[in-house]
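Peer 1: Input file: final11.tsv. Contents: TSV, C-alpha atoms and all ligand atoms.
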chain	number	residue	atom	x	y	z
A	243	MET	CA	4.63	-45.75	-16.55
A	244	SER	CA	6.75	-45.47	-13.44
A	245	LEU	CA	5.68	-43.27	-10.57
A	246	ASN	CA	8.54	-41.02	-11.41
A	247	TRP	CA	7.01	-40.24	-14.79
A	248	VAL	CA	3.65	-39.50	-13.28
A	249	TYR	CA	5.34	-37.11	-10.90
A	250	TRP	CA	7.10	-35.25	-13.73
A	251	LEU	CA	3.95	-35.08	-15.80
A	252	LEU	CA	2.05	-33.60	-12.87
A	253	LEU	CA	4.81	-31.09	-12.36
A	254	LEU	CA	4.70	-30.17	-16.03
A	255	ALA	CA	0.92	-29.74	-15.93
A	256	GLN	CA	1.30	-27.58	-12.84
A	257	THR	CA	3.85	-25.38	-14.62
A	258	LEU	CA	1.66	-25.01	-17.69
A	259	LEU	CA	-1.33	-24.09	-15.55
A	260	HIS	CA	0.67	-21.67	-13.44
A	261	PRO	CA	3.30	-20.13	-15.68
A	262	LEU	CA	4.06	-17.54	-13.05
A	263	GLY	CA	5.06	-20.28	-10.67
A	264	ALA	CA	2.48	-19.09	-8.19
A	265	ALA	CA	-0.16	-21.61	-7.29
A	266	LYS	CA	-2.20	-19.44	-5.02
A	267	VAL	CA	-3.66	-15.99	-4.77
A	268	PRO	CA	-2.53	-14.53	-1.41
A	269	SER	CA	-4.62	-11.37	-1.63
A	270	LEU	CA	-7.48	-9.67	-3.46
A	271	VAL	CA	-7.03	-6.01	-4.46
A	272	VAL	CA	-10.13	-4.21	-5.69
A	273	PHE	CA	-10.72	-1.01	-7.69
A	274	GLY	CA	-13.99	0.35	-9.03
A	275	ASP	CA	-17.44	1.66	-8.17
A	276	SER	CA	-20.44	0.66	-6.02
A	277	SER	CA	-20.44	-2.83	-7.54
A	278	VAL	CA	-17.33	-3.47	-5.41
A	279	ASP	CA	-17.07	-0.59	-2.85
A	280	THR	CA	-17.10	-2.20	0.60
A	281	GLY	CA	-17.37	1.11	2.46
A	282	ASN	CA	-14.84	3.72	1.31
A	283	ASN	CA	-17.56	6.30	0.63
A	284	ASP	CA	-18.48	6.24	4.35
A	285	TYR	CA	-15.36	8.34	4.85
A	286	LEU	CA	-16.00	10.87	2.07
A	287	THR	CA	-18.26	13.90	2.00
A	288	THR	CA	-20.73	12.63	-0.55
A	289	ILE	CA	-24.39	11.72	-0.75
A	290	ALA	CA	-23.46	8.54	-2.67
A	291	ARG	CA	-23.55	6.35	0.41
A	292	SER	CA	-25.43	3.51	2.01
A	293	ASN	CA	-24.21	3.16	5.59
A	294	PHE	CA	-27.72	3.19	7.06
A	295	GLU	CA	-30.70	0.88	7.11
A	296	PRO	CA	-32.07	-0.99	5.28
A	297	TYR	CA	-28.65	-1.49	3.61
A	298	GLY	CA	-26.73	-4.32	5.24
A	299	ARG	CA	-29.93	-5.86	6.62
A	300	ASP	CA	-28.65	-9.37	5.84
A	301	PHE	CA	-24.96	-8.65	6.50
A	302	LYS	CA	-23.49	-10.33	9.61
A	303	GLY	CA	-24.77	-8.40	12.59
A	304	GLY	CA	-27.22	-6.57	10.32
A	305	VAL	CA	-24.63	-3.80	9.89
A	306	ALA	CA	-24.86	-1.19	7.13
A	307	THR	CA	-21.22	-1.07	6.06
A	308	GLY	CA	-21.52	1.17	3.02
A	309	ARG	CA	-21.97	-1.75	0.62
A	310	PHE	CA	-24.81	-0.98	-1.79
A	311	SER	CA	-26.64	-4.21	-1.02
A	312	ASN	CA	-28.50	-6.04	1.72
A	313	GLY	CA	-25.43	-8.18	2.37
A	314	ARG	CA	-22.10	-9.04	0.81
A	315	LEU	CA	-20.77	-8.06	-2.61
A	316	ALA	CA	-19.49	-10.37	-5.34
A	317	THR	CA	-15.86	-9.55	-4.43
A	318	ASP	CA	-16.51	-10.63	-0.82
A	319	PHE	CA	-17.69	-14.03	-2.10
A	320	ILE	CA	-14.76	-14.24	-4.52
A	321	SER	CA	-12.32	-13.58	-1.66
A	322	ARG	CA	-13.89	-16.48	0.24
A	323	ASN	CA	-13.69	-18.70	-2.83
A	324	PHE	CA	-9.93	-18.14	-2.93
A	325	GLY	CA	-9.67	-19.20	0.71
A	326	LEU	CA	-9.20	-15.58	1.83
A	327	PRO	CA	-11.34	-13.69	4.39
A	328	ASP	CA	-15.08	-13.46	3.76
A	329	THR	CA	-15.05	-9.68	3.33
A	330	VAL	CA	-12.66	-7.27	1.58
A	331	PRO	CA	-11.83	-4.33	3.90
A	332	PRO	CA	-12.14	-0.72	2.65
A	333	TYR	CA	-8.82	1.15	2.63
A	334	LEU	CA	-10.25	4.41	3.97
A	335	ASN	CA	-11.62	2.93	7.19
A	336	PRO	CA	-9.51	4.75	9.83
A	337	ALA	CA	-10.06	1.92	12.33
A	338	LEU	CA	-8.02	-0.41	10.12
A	339	SER	CA	-4.28	-0.41	9.48
A	340	ILE	CA	-1.79	-2.17	7.23
A	341	GLN	CA	-1.95	-5.53	9.04
A	342	ASP	CA	-5.68	-5.66	8.22
A	343	PHE	CA	-4.91	-5.34	4.50
A	344	THR	CA	-2.46	-8.19	3.97
A	345	SER	CA	-4.98	-10.57	2.39
A	346	GLY	CA	-7.27	-8.09	0.73
A	347	VAL	CA	-7.94	-4.40	0.28
A	348	CYS	CA	-10.60	-2.35	-1.48
A	349	PHE	CA	-9.98	1.09	-3.03
A	350	ALA	CA	-13.34	1.29	-4.82
A	351	SER	CA	-15.74	4.20	-4.47
A	352	ALA	CA	-19.45	4.15	-5.25
A	353	ALA	CA	-20.59	6.52	-8.05
A	354	THR	CA	-17.17	6.71	-9.69
A	355	GLY	CA	-16.24	5.94	-13.29
A	356	TYR	CA	-13.28	5.71	-15.65
A	357	ASP	CA	-13.87	9.36	-16.57
A	358	ASN	CA	-12.73	12.01	-14.04
A	359	ALA	CA	-15.91	13.94	-14.81
A	360	THR	CA	-18.00	11.03	-13.50
A	361	SER	CA	-16.36	10.95	-10.06
A	362	ASP	CA	-16.87	14.74	-9.88
A	363	VAL	CA	-20.66	14.37	-10.00
A	364	PHE	CA	-20.89	13.13	-6.41
A	365	SER	CA	-17.36	14.08	-5.24
A	366	VAL	CA	-16.16	10.49	-4.88
A	367	LEU	CA	-12.77	8.87	-5.54
A	368	PRO	CA	-11.71	9.11	-9.18
A	369	LEU	CA	-9.82	6.12	-10.55
A	370	TRP	CA	-6.50	8.00	-10.48
A	371	ARG	CA	-7.01	8.70	-6.76
A	372	GLN	CA	-7.67	4.99	-6.16
A	373	LEU	CA	-4.29	4.35	-7.79
A	374	GLU	CA	-2.62	6.94	-5.53
A	375	TYR	CA	-4.05	5.11	-2.51
A	376	PHE	CA	-2.71	1.88	-3.96
A	377	LYS	CA	0.79	3.40	-4.13
A	378	ASP	CA	0.43	4.54	-0.54
A	379	TYR	CA	-0.65	1.01	0.38
A	380	GLN	CA	2.39	-0.48	-1.39
A	381	SER	CA	4.83	1.71	0.58
A	382	LYS	CA	3.17	0.76	3.85
A	383	LEU	CA	3.15	-2.92	2.94
A	384	LYS	CA	6.86	-2.84	2.12
A	385	ILE	CA	7.65	-1.32	5.50
A	386	PHE	CA	5.36	-3.82	7.25
A	387	GLN	CA	6.39	-7.03	5.46
A	388	GLY	CA	9.80	-6.16	4.05
A	389	GLU	CA	10.50	-5.27	0.43
A	390	ALA	CA	10.92	-8.80	-0.95
A	391	LYS	CA	7.86	-10.34	0.68
A	392	ALA	CA	5.64	-7.40	-0.19
A	393	GLN	CA	6.85	-7.43	-3.79
A	394	GLN	CA	6.07	-11.13	-4.12
A	395	MET	CA	2.65	-10.68	-2.55
A	396	LEU	CA	1.81	-7.80	-4.88
A	397	SER	CA	2.77	-9.80	-7.97
A	398	GLU	CA	0.80	-12.88	-6.89
A	399	ALA	CA	-2.30	-10.97	-5.75
A	400	LEU	CA	-5.44	-10.95	-7.86
A	401	TYR	CA	-6.56	-7.48	-8.94
A	402	ILE	CA	-10.23	-6.95	-9.76
A	403	ILE	CA	-11.44	-3.83	-11.54
A	404	SER	CA	-15.18	-3.18	-11.86
A	405	LEU	CA	-16.69	0.10	-13.08
A	406	GLY	CA	-18.06	1.87	-16.16
A	407	THR	CA	-21.84	1.91	-15.72
A	408	ASN	CA	-21.79	5.32	-14.01
A	409	ASP	CA	-19.88	6.89	-16.90
A	410	PHE	CA	-22.97	6.33	-19.01
A	411	LEU	CA	-25.90	6.60	-16.56
A	412	GLU	CA	-24.66	9.25	-14.15
A	413	ASN	CA	-22.58	11.25	-16.61
A	414	TYR	CA	-23.00	10.80	-20.39
A	415	TYR	CA	-26.78	10.34	-20.47
A	416	ALA	CA	-27.56	12.55	-17.46
A	417	LEU	CA	-25.39	15.61	-18.15
A	418	SER	CA	-24.70	17.54	-21.31
A	419	SER	CA	-20.96	18.10	-21.11
A	420	ARG	CA	-19.63	14.73	-22.33
A	421	SER	CA	-22.56	14.09	-24.64
A	422	SER	CA	-21.99	17.38	-26.48
A	423	GLU	CA	-18.28	16.61	-26.74
A	424	PHE	CA	-18.40	12.93	-27.82
A	425	THR	CA	-20.69	10.65	-29.78
A	426	VAL	CA	-21.44	7.63	-27.60
A	427	ASP	CA	-19.16	5.53	-29.81
A	428	LYS	CA	-16.24	7.95	-29.25
A	429	TYR	CA	-17.04	8.14	-25.55
A	430	GLU	CA	-16.73	4.34	-25.32
A	431	ASP	CA	-13.30	4.63	-26.98
A	432	TYR	CA	-12.33	7.37	-24.53
A	433	LEU	CA	-13.27	5.19	-21.54
A	434	VAL	CA	-11.42	2.19	-22.95
A	435	SER	CA	-8.30	4.32	-23.45
A	436	ILE	CA	-8.45	5.31	-19.76
A	437	ALA	CA	-8.88	1.65	-18.81
A	438	LYS	CA	-5.82	0.80	-20.91
A	439	ASP	CA	-3.67	3.48	-19.23
A	440	PHE	CA	-4.86	2.20	-15.87
A	441	LEU	CA	-3.85	-1.39	-16.70
A	442	ASN	CA	-0.43	-0.19	-17.88
A	443	ASP	CA	0.02	1.75	-14.63
A	444	MET	CA	-1.02	-1.31	-12.61
A	445	TYR	CA	1.49	-3.42	-14.52
A	446	HIS	CA	4.29	-1.01	-13.76
A	447	LEU	CA	3.28	-1.07	-10.11
A	448	GLY	CA	3.74	-4.84	-10.08
A	449	ALA	CA	0.28	-6.26	-10.81
A	450	ARG	CA	0.33	-9.42	-12.97
A	451	LYS	CA	-3.03	-11.14	-12.42
A	452	VAL	CA	-5.73	-8.68	-13.36
A	453	ASN	CA	-9.41	-9.25	-14.03
A	454	VAL	CA	-11.55	-6.48	-15.51
A	455	ALA	CA	-15.33	-6.75	-15.34
A	456	GLY	CA	-17.50	-5.61	-18.20
A	457	ILE	CA	-20.69	-3.69	-17.46
A	458	PRO	CA	-24.17	-5.25	-17.09
A	459	PRO	CA	-27.05	-4.70	-19.54
A	460	MET	CA	-27.68	-1.32	-17.93
A	461	GLY	CA	-30.95	-0.81	-19.81
A	462	CYS	CA	-32.43	-3.60	-17.66
A	463	LEU	CA	-31.63	-1.99	-14.30
A	464	PRO	CA	-34.94	-1.16	-12.57
A	465	LEU	CA	-34.22	2.59	-12.74
A	466	GLU	CA	-33.70	2.51	-16.49
A	467	ARG	CA	-36.80	0.41	-17.06
A	468	VAL	CA	-38.83	3.13	-15.32
A	469	MET	CA	-37.15	5.86	-17.33
A	470	THR	CA	-37.99	4.23	-20.66
A	471	LEU	CA	-41.60	5.01	-19.67
A	472	LYS	CA	-43.00	2.10	-21.64
A	473	SER	CA	-43.55	-0.71	-19.24
A	474	VAL	CA	-41.41	-2.17	-16.50
A	475	ASN	CA	-41.24	-5.29	-18.59
A	476	SER	CA	-39.10	-3.69	-21.22
A	477	CYS	CA	-35.44	-2.89	-20.97
A	478	ASN	CA	-33.91	0.17	-22.62
A	479	GLN	CA	-32.46	-1.45	-25.74
A	480	GLU	CA	-30.30	1.52	-26.65
A	481	TYR	CA	-28.51	1.39	-23.30
A	482	ASN	CA	-28.05	-2.36	-23.62
A	483	LYS	CA	-26.48	-1.94	-27.04
A	484	VAL	CA	-24.08	0.70	-25.68
A	485	ALA	CA	-23.15	-1.65	-22.81
A	486	SER	CA	-22.45	-4.51	-25.15
A	487	ASP	CA	-20.45	-2.33	-27.61
A	488	PHE	CA	-18.40	-0.90	-24.75
A	489	ASN	CA	-17.78	-4.42	-23.39
A	490	SER	CA	-16.51	-5.69	-26.77
A	491	LYS	CA	-14.03	-2.82	-27.02
A	492	LEU	CA	-12.92	-3.34	-23.43
A	493	GLN	CA	-12.48	-7.06	-23.97
A	494	ASN	CA	-10.40	-6.53	-27.15
A	495	MET	CA	-8.16	-4.02	-25.43
A	496	ILE	CA	-7.57	-6.39	-22.49
A	497	SER	CA	-6.76	-9.29	-24.73
A	498	ASN	CA	-4.34	-7.25	-26.89
A	499	LEU	CA	-2.61	-5.67	-23.92
A	500	GLY	CA	-2.36	-9.09	-22.28
A	501	LYS	CA	-0.33	-10.26	-25.29
A	502	GLU	CA	1.92	-7.17	-25.36
A	503	LEU	CA	2.97	-7.13	-21.72
A	504	PRO	CA	5.29	-9.92	-20.56
A	505	ASP	CA	4.29	-12.37	-17.80
A	506	VAL	CA	0.73	-11.20	-17.30
A	507	GLN	CA	-2.52	-13.08	-16.77
A	508	PHE	CA	-5.20	-10.60	-17.76
A	509	SER	CA	-8.83	-11.61	-18.02
A	510	TYR	CA	-12.22	-10.12	-18.78
A	511	SER	CA	-15.44	-10.97	-16.93
A	512	ASN	CA	-18.60	-11.15	-18.93
A	513	LEU	CA	-21.31	-10.06	-16.51
A	514	TYR	CA	-23.58	-8.95	-19.33
A	515	ASP	CA	-24.58	-12.46	-20.40
A	516	LEU	CA	-25.25	-13.64	-16.87
A	517	PHE	CA	-27.42	-10.61	-16.05
A	518	MET	CA	-29.30	-10.97	-19.31
A	519	ASP	CA	-30.04	-14.62	-18.67
A	520	VAL	CA	-31.15	-13.96	-15.09
A	521	VAL	CA	-33.38	-11.09	-16.19
A	522	LYS	CA	-34.97	-13.25	-18.89
A	523	ASN	CA	-35.32	-16.39	-16.78
A	524	PRO	CA	-35.41	-15.30	-13.12
A	525	THR	CA	-37.32	-18.35	-11.93
A	526	SER	CA	-34.73	-20.77	-13.25
A	527	TYR	CA	-32.29	-19.11	-10.83
A	528	GLY	CA	-34.81	-19.13	-7.96
A	529	PHE	CA	-35.76	-15.45	-8.21
A	530	GLU	CA	-39.32	-14.11	-8.35
A	531	ASN	CA	-38.60	-10.54	-9.35
A	532	ALA	CA	-35.96	-9.28	-11.79
A	533	ALA	CA	-37.65	-6.02	-12.79
A	534	SER	CA	-37.77	-3.92	-9.63
A	535	GLY	CA	-35.64	-3.59	-6.51
A	536	CYS	CA	-36.47	-4.74	-2.98
A	537	CYS	CA	-36.00	-1.41	-1.21
A	538	ALA	CA	-38.88	1.08	-1.20
A	539	THR	CA	-41.02	0.90	-4.36
A	540	GLY	CA	-38.09	-0.68	-6.16
A	541	MET	CA	-38.50	1.56	-9.17
A	542	PHE	CA	-36.21	4.52	-8.62
A	543	GLU	CA	-34.97	4.59	-5.01
A	544	MET	CA	-31.41	4.08	-3.86
A	545	GLY	CA	-29.22	5.50	-1.10
A	546	TYR	CA	-31.06	7.81	1.29
A	547	MET	CA	-34.37	7.24	-0.49
A	548	CYS	CA	-34.35	3.64	0.72
A	549	ASN	CA	-34.14	4.64	4.39
A	550	ARG	CA	-37.22	3.48	6.35
A	551	SER	CA	-39.56	3.03	3.45
A	552	LEU	CA	-42.80	1.22	4.24
A	553	PHE	CA	-42.64	-0.53	0.88
A	554	THR	CA	-39.33	-2.36	1.29
A	555	CYS	CA	-39.74	-6.09	0.60
A	556	ARG	CA	-39.44	-8.73	3.31
A	557	ASP	CA	-37.29	-11.32	1.58
A	558	ALA	CA	-34.52	-9.87	-0.57
A	559	ASN	CA	-33.53	-13.37	-1.72
A	560	ARG	CA	-36.51	-13.36	-4.07
A	561	TYR	CA	-35.17	-10.30	-5.84
A	562	VAL	CA	-32.35	-9.88	-8.34
A	563	PHE	CA	-32.04	-6.19	-7.41
A	564	TRP	CA	-31.78	-4.74	-3.94
A	565	ASP	CA	-32.36	-1.12	-4.96
A	566	ALA	CA	-33.07	0.49	-8.34
A	567	ILE	CA	-29.48	-0.14	-9.51
A	568	HIS	CA	-27.68	-2.65	-7.28
A	569	PRO	CA	-27.96	-6.44	-6.97
A	570	THR	CA	-29.06	-8.30	-3.85
A	571	GLU	CA	-26.59	-10.37	-1.88
A	572	ARG	CA	-28.06	-13.48	-3.47
A	573	MET	CA	-27.43	-12.12	-6.96
A	574	ASN	CA	-23.91	-11.09	-5.88
A	575	SER	CA	-23.26	-14.63	-4.74
A	576	LEU	CA	-24.47	-15.93	-8.10
A	577	ILE	CA	-22.19	-13.44	-9.92
A	578	ALA	CA	-19.21	-14.66	-7.87
A	579	SER	CA	-19.99	-18.30	-8.57
A	580	TYR	CA	-20.41	-17.59	-12.30
A	581	LEU	CA	-17.12	-15.68	-12.44
A	582	MET	CA	-15.27	-18.45	-10.61
A	583	ASN	CA	-16.61	-20.99	-13.12
A	584	THR	CA	-16.06	-18.96	-16.28
A	585	THR	CA	-13.07	-16.67	-15.69
A	586	LEU	CA	-11.37	-16.62	-12.32
A	587	TYR	CA	-10.63	-20.37	-12.12
A	588	VAL	CA	-7.46	-19.66	-14.12
A	589	TYR	CA	-6.01	-18.01	-11.02
A	590	MET	CA	-6.81	-20.91	-8.68
B	601	LIG	C1	-7.79	12.86	-14.40
B	601	LIG	O1	-7.32	13.77	-13.43
B	601	LIG	C2	-5.97	13.57	-13.01
B	601	LIG	C3	-5.65	14.54	-11.90
B	601	LIG	O2	-5.91	15.83	-12.27
B	601	LIG	C4	-5.04	13.72	-14.19
B	601	LIG	O3	-3.71	13.43	-13.81
B	601	LIG	C5	-5.47	12.75	-15.29
B	601	LIG	O4	-4.67	12.97	-16.45
B	601	LIG	C6	-6.93	12.94	-15.65
B	601	LIG	N1	-7.32	11.89	-16.59
B	601	LIG	C7	-7.72	12.17	-17.83
B	601	LIG	C8	-8.03	10.99	-18.69
B	601	LIG	O5	-7.87	13.29	-18.23
B	602	LIG	C1	-33.56	6.99	8.40
B	602	LIG	O1	-34.89	7.25	8.76
B	602	LIG	C2	-35.11	7.42	10.18
B	602	LIG	C3	-36.60	7.60	10.42
B	602	LIG	O2	-37.13	8.58	9.60
B	602	LIG	C4	-34.28	8.60	10.66
B	602	LIG	O3	-34.42	8.72	12.06
B	602	LIG	C5	-32.81	8.37	10.32
B	602	LIG	O4	-32.04	9.50	10.68
B	602	LIG	C6	-32.65	8.11	8.84
B	602	LIG	N1	-31.27	7.80	8.55
B	602	LIG	C7	-30.57	8.43	7.62
B	602	LIG	C8	-29.14	8.01	7.49
B	602	LIG	O5	-31.05	9.30	6.93
B	603	LIG	C1	-20.38	-23.16	-10.81
B	603	LIG	O1	-19.96	-24.52	-10.71
B	603	LIG	C2	-20.46	-25.21	-9.57
B	603	LIG	C3	-19.80	-26.58	-9.54
B	603	LIG	O2	-19.96	-27.23	-10.75
B	603	LIG	C4	-21.97	-25.28	-9.65
B	603	LIG	O3	-22.49	-25.92	-8.49
B	603	LIG	C5	-22.53	-23.86	-9.72
B	603	LIG	O4	-23.92	-23.89	-9.90
B	603	LIG	C6	-21.91	-23.10	-10.88
B	603	LIG	N1	-22.35	-21.71	-10.81
B	603	LIG	C7	-22.93	-21.07	-11.82
B	603	LIG	C8	-23.40	-19.68	-11.56
B	603	LIG	O5	-23.07	-21.55	-12.92
Show the structure stored in the file as structure tokens.

Peer 2:
Amino acid sequence: MSLNWVYWLLLLAQTLLHPLGAAKVPSLVVFGDSSVDTGNNDYLTTIARSNFEPYGRDFKGGVATGRFSNGRLATDFISRNFGLPDTVPPYLNPALSIQDFTSGVCFASAATGYDNATSDVFSVLPLWRQLEYFKDYQSKLKIFQGEAKAQQMLSEALYIISLGTNDFLENYYALSSRSSEFTVDKYEDYLVSIAKDFLNDMYHLGARKVNVAGIPPMGCLPLERVMTLKSVNSCNQEYNKVASDFNSKLQNMISNLGKELPDVQFSYSNLYDLFMDVVKNPTSYGFENAASGCCATGMFEMGYMCNRSLFTCRDANRYVFWDAIHPTERMNSLIASYLMNTTLYVYM
């Protein structure tokens, strides 16, 4: 074969791998809850916050940024993996402006959900409000970069959406309003229909590469283990079943919508299986504790309850969970690596 042929074959392979013609992701745009909120809640009047010690203990400079972890979040690591900055800046930080958001921006808000009623619980940003901020961001970007460049950037950016756990734990199972209105099966459908509308809206706003994360086996979060009142060694199986049913519906919707809309690369991230495997075999991932969190007693504390507890562990790297709900930085790094290997590599 002549060199010329090799060249054309490589070009063909490149085109097949990147049908959008875009080889690289120039920016990471994030929507969701505390799994991906890099500090927006610091600027809201809510108790769902974490901008105080011991949060951020292992972040550069030991700063508590409002991330619900001891260090960086999975999306921070993912940004780095795409050759972008090593943190994703929160849109609401008044010290930042549009030039700080050209290679990444986060609209997420801890304690939110797909359901408006979930974001109401702690007065945080509902998903529709995150979308309004995204529109505001688009206008500013177009003024800053020019219409054509901004448009191209927005269509080549990778959008990550991660939420849903709070709709069940903070809303459906904690309050009576949604649970008297919907069976859990119908509530899952309701949430998936909101997710679908959101993806359609994103599409019409120019997003083409979108990854939606499923929810973890929420019955194995330290808080839920305590609430099952059996032993900390058992997960709440009912909650895990709901998580896995919801994930299947979400995954089907994403795959169907991805076929309906032209020129999109939609994907679904399966965090459930990774969490389950880590929880069952923590030592094979280098963890010693997968049942309770590092902060305070590790059984039920998060947010303000973690502040200055005498019980907080010394080495968070030995723990899967940092507080009773949220992963440690080390687990977040593992999540990012797993997602790069299983899902996000298609956008490389
Ligand atoms: C959530 O609230 C917004 C603002 O009031 C509204 O536009 C939207 O339709 C609501 N979403 C649902 C699913 O009810
Ligand atoms: C954390 O605890 C210390 C000591 O009790 C206290 O001084 C500080 O104000 C607390 N911080 C927050 C954000 O509650
Ligand atoms: C992802 O792939 C890399 C390279 O093969 C490997 O080193 C890493 O352990 C993988 N990560 C996970 C979580 O499987």

Peer 1: From the list A:Ser321, A:Asn494, A:Thr307, A:Gln394, which residue is nearest A:Leu581 when using all atoms listed in the file?

Peer 2: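 The shortest atom-to-atom distance to A:Leu581 comes from A:Ser321.
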
Peer 1: Tell me which of A:Ala399, A:Leu338, A:Leu552, A:Pro327 sits closest to ligand LIG 602 (chain B), counting all atoms listed in the file.

Peer 2: A:Leu552

Peer 1: Per residue of chain A within 10 Å of ligand LIG 602 (chain B), note the shortest atom pair and the distance in Å to one decimal, counting all atoms listed in the file, and order the rows by chain and increasing residue number, as JSON lines.

Peer 2:
{"residue": "A:Arg291", "atom": "CA", "partner": "B:LIG602", "partner_atom": "C8", "distance": 9.2}
{"residue": "A:Ser292", "atom": "CA", "partner": "B:LIG602", "partner_atom": "C8", "distance": 8.0}
{"residue": "A:Asn293", "atom": "CA", "partner": "B:LIG602", "partner_atom": "C8", "distance": 7.2}
{"residue": "A:Phe294", "atom": "CA", "partner": "B:LIG602", "partner_atom": "C8", "distance": 5.0}
{"residue": "A:Glu295", "atom": "CA", "partner": "B:LIG602", "partner_atom": "C1", "distance": 6.9}
{"residue": "A:Pro296", "atom": "CA", "partner": "B:LIG602", "partner_atom": "C1", "distance": 8.7}
{"residue": "A:Gly545", "atom": "CA", "partner": "B:LIG602", "partner_atom": "C8", "distance": 8.9}
{"residue": "A:Tyr546", "atom": "CA", "partner": "B:LIG602", "partner_atom": "O5", "distance": 5.8}
{"residue": "A:Met547", "atom": "CA", "partner": "B:LIG602", "partner_atom": "O5", "distance": 8.4}
{"residue": "A:Cys548", "atom": "CA", "partner": "B:LIG602", "partner_atom": "C1", "distance": 8.4}
{"residue": "A:Asn549", "atom": "CA", "partner": "B:LIG602", "partner_atom": "C1", "distance": 4.7}
{"residue": "A:Arg550", "atom": "CA", "partner": "B:LIG602", "partner_atom": "O1", "distance": 5.0}
{"residue": "A:Ser551", "atom": "CA", "partner": "B:LIG602", "partner_atom": "O1", "distance": 8.2}

Peer 1: Taking all atoms listed in the file and a cut-off of 6 Å, can you tell me which residues surround ligand LIG 603 (chain B), written as a VMD selection string?

Peer 2: chain A and resid 576 579 to 580 583

Peer 1: Could you write those residues out with C-alpha atoms, as a short mmCIF file (atom, residue, chain, number, x, y, z; two decimals), keeping the file's coordinate frame?

Peer 2:
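Saved result, selection.cif, follows:
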data_model
loop_
_atom_site.label_atom_id
_atom_site.label_comp_id
_atom_site.auth_asym_id
_atom_site.auth_seq_id
_atom_site.Cartn_x
_atom_site.Cartn_y
_atom_site.Cartn_z
CA LEU A 576 -24.47 -15.93 -8.10
CA SER A 579 -19.99 -18.30 -8.57
CA TYR A 580 -20.41 -17.59 -12.30
CA ASN A 583 -16.61 -20.99 -13.12
#

Peer 1: In the coordinate frame of the file, compute which residues have an atom within 6 Å of (-25.8, 2.4, -6.9) when using only C-alpha atoms, and state them as a ChimeraX atom specification.

Peer 2: /A:276,567-568

Peer 1: Take the selection from the previous step and output its residues with C-alpha atoms, as a tab-separated table (two decimals), in the frame of the given file.

Peer 2:
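To be explicit, this is the file written out as again.tsv:
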chain	number	residue	atom	x	y	z
A	276	SER	CA	-20.44	0.66	-6.02
A	567	ILE	CA	-29.48	-0.14	-9.51
A	568	HIS	CA	-27.68	-2.65	-7.28

Peer 1: What separation in Å, quoted to one decimal, exists between atom CA of A:Gly355 and atom CA of A:Ser381?

Peer 2: 25.6 Å

Peer 1: Compile the contact shell of A:Phe324 as a list in words: residues with an atom at most 10 Å away, counting all atoms listed in the file, same-chain residues fewer than 6 positions apart removed.

Peer 2: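 Non-adjacent residues within range: Lys266, Val267, Pro268, Ser269, Leu270, Leu400, Met582, Leu586, Tyr587, Tyr589 and Met590 of chain A.
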
Peer 1: Using Å and a single decimal, report how far atom CA of A:Gly461 sits from atom CA of A:Asp431.

Peer 2: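 Atom CA of A:Asp431 sits 19.8 Å away from atom CA of A:Gly461.
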
Peer 1: What's the separation between atom CA of A:Arg572 and atom CA of A:Glu543, in Å to one decimal place?

Peer 2: 19.4 Å

Peer 1: Give me, as a short mmCIF file (atom, residue, chain, number, x, y, z; two decimals) with C-alpha atoms, in the coordinates of the input, the set of residues whose atoms come within 10 Å of any atom of ligand LIG 601 (chain B), counting all atoms listed in the file.

Peer 2:
data_model
loop_
_atom_site.label_atom_id
_atom_site.label_comp_id
_atom_site.auth_asym_id
_atom_site.auth_seq_id
_atom_site.Cartn_x
_atom_site.Cartn_y
_atom_site.Cartn_z
CA TYR A 356 -13.28 5.71 -15.65
CA ASP A 357 -13.87 9.36 -16.57
CA ASN A 358 -12.73 12.01 -14.04
CA ALA A 359 -15.91 13.94 -14.81
CA SER A 361 -16.36 10.95 -10.06
CA PRO A 368 -11.71 9.11 -9.18
CA LEU A 369 -9.82 6.12 -10.55
CA TRP A 370 -6.50 8.00 -10.48
CA ARG A 371 -7.01 8.70 -6.76
CA TYR A 432 -12.33 7.37 -24.53
CA LEU A 433 -13.27 5.19 -21.54
CA SER A 435 -8.30 4.32 -23.45
CA ILE A 436 -8.45 5.31 -19.76
CA ALA A 437 -8.88 1.65 -18.81
CA ASP A 439 -3.67 3.48 -19.23
CA PHE A 440 -4.86 2.20 -15.87
#
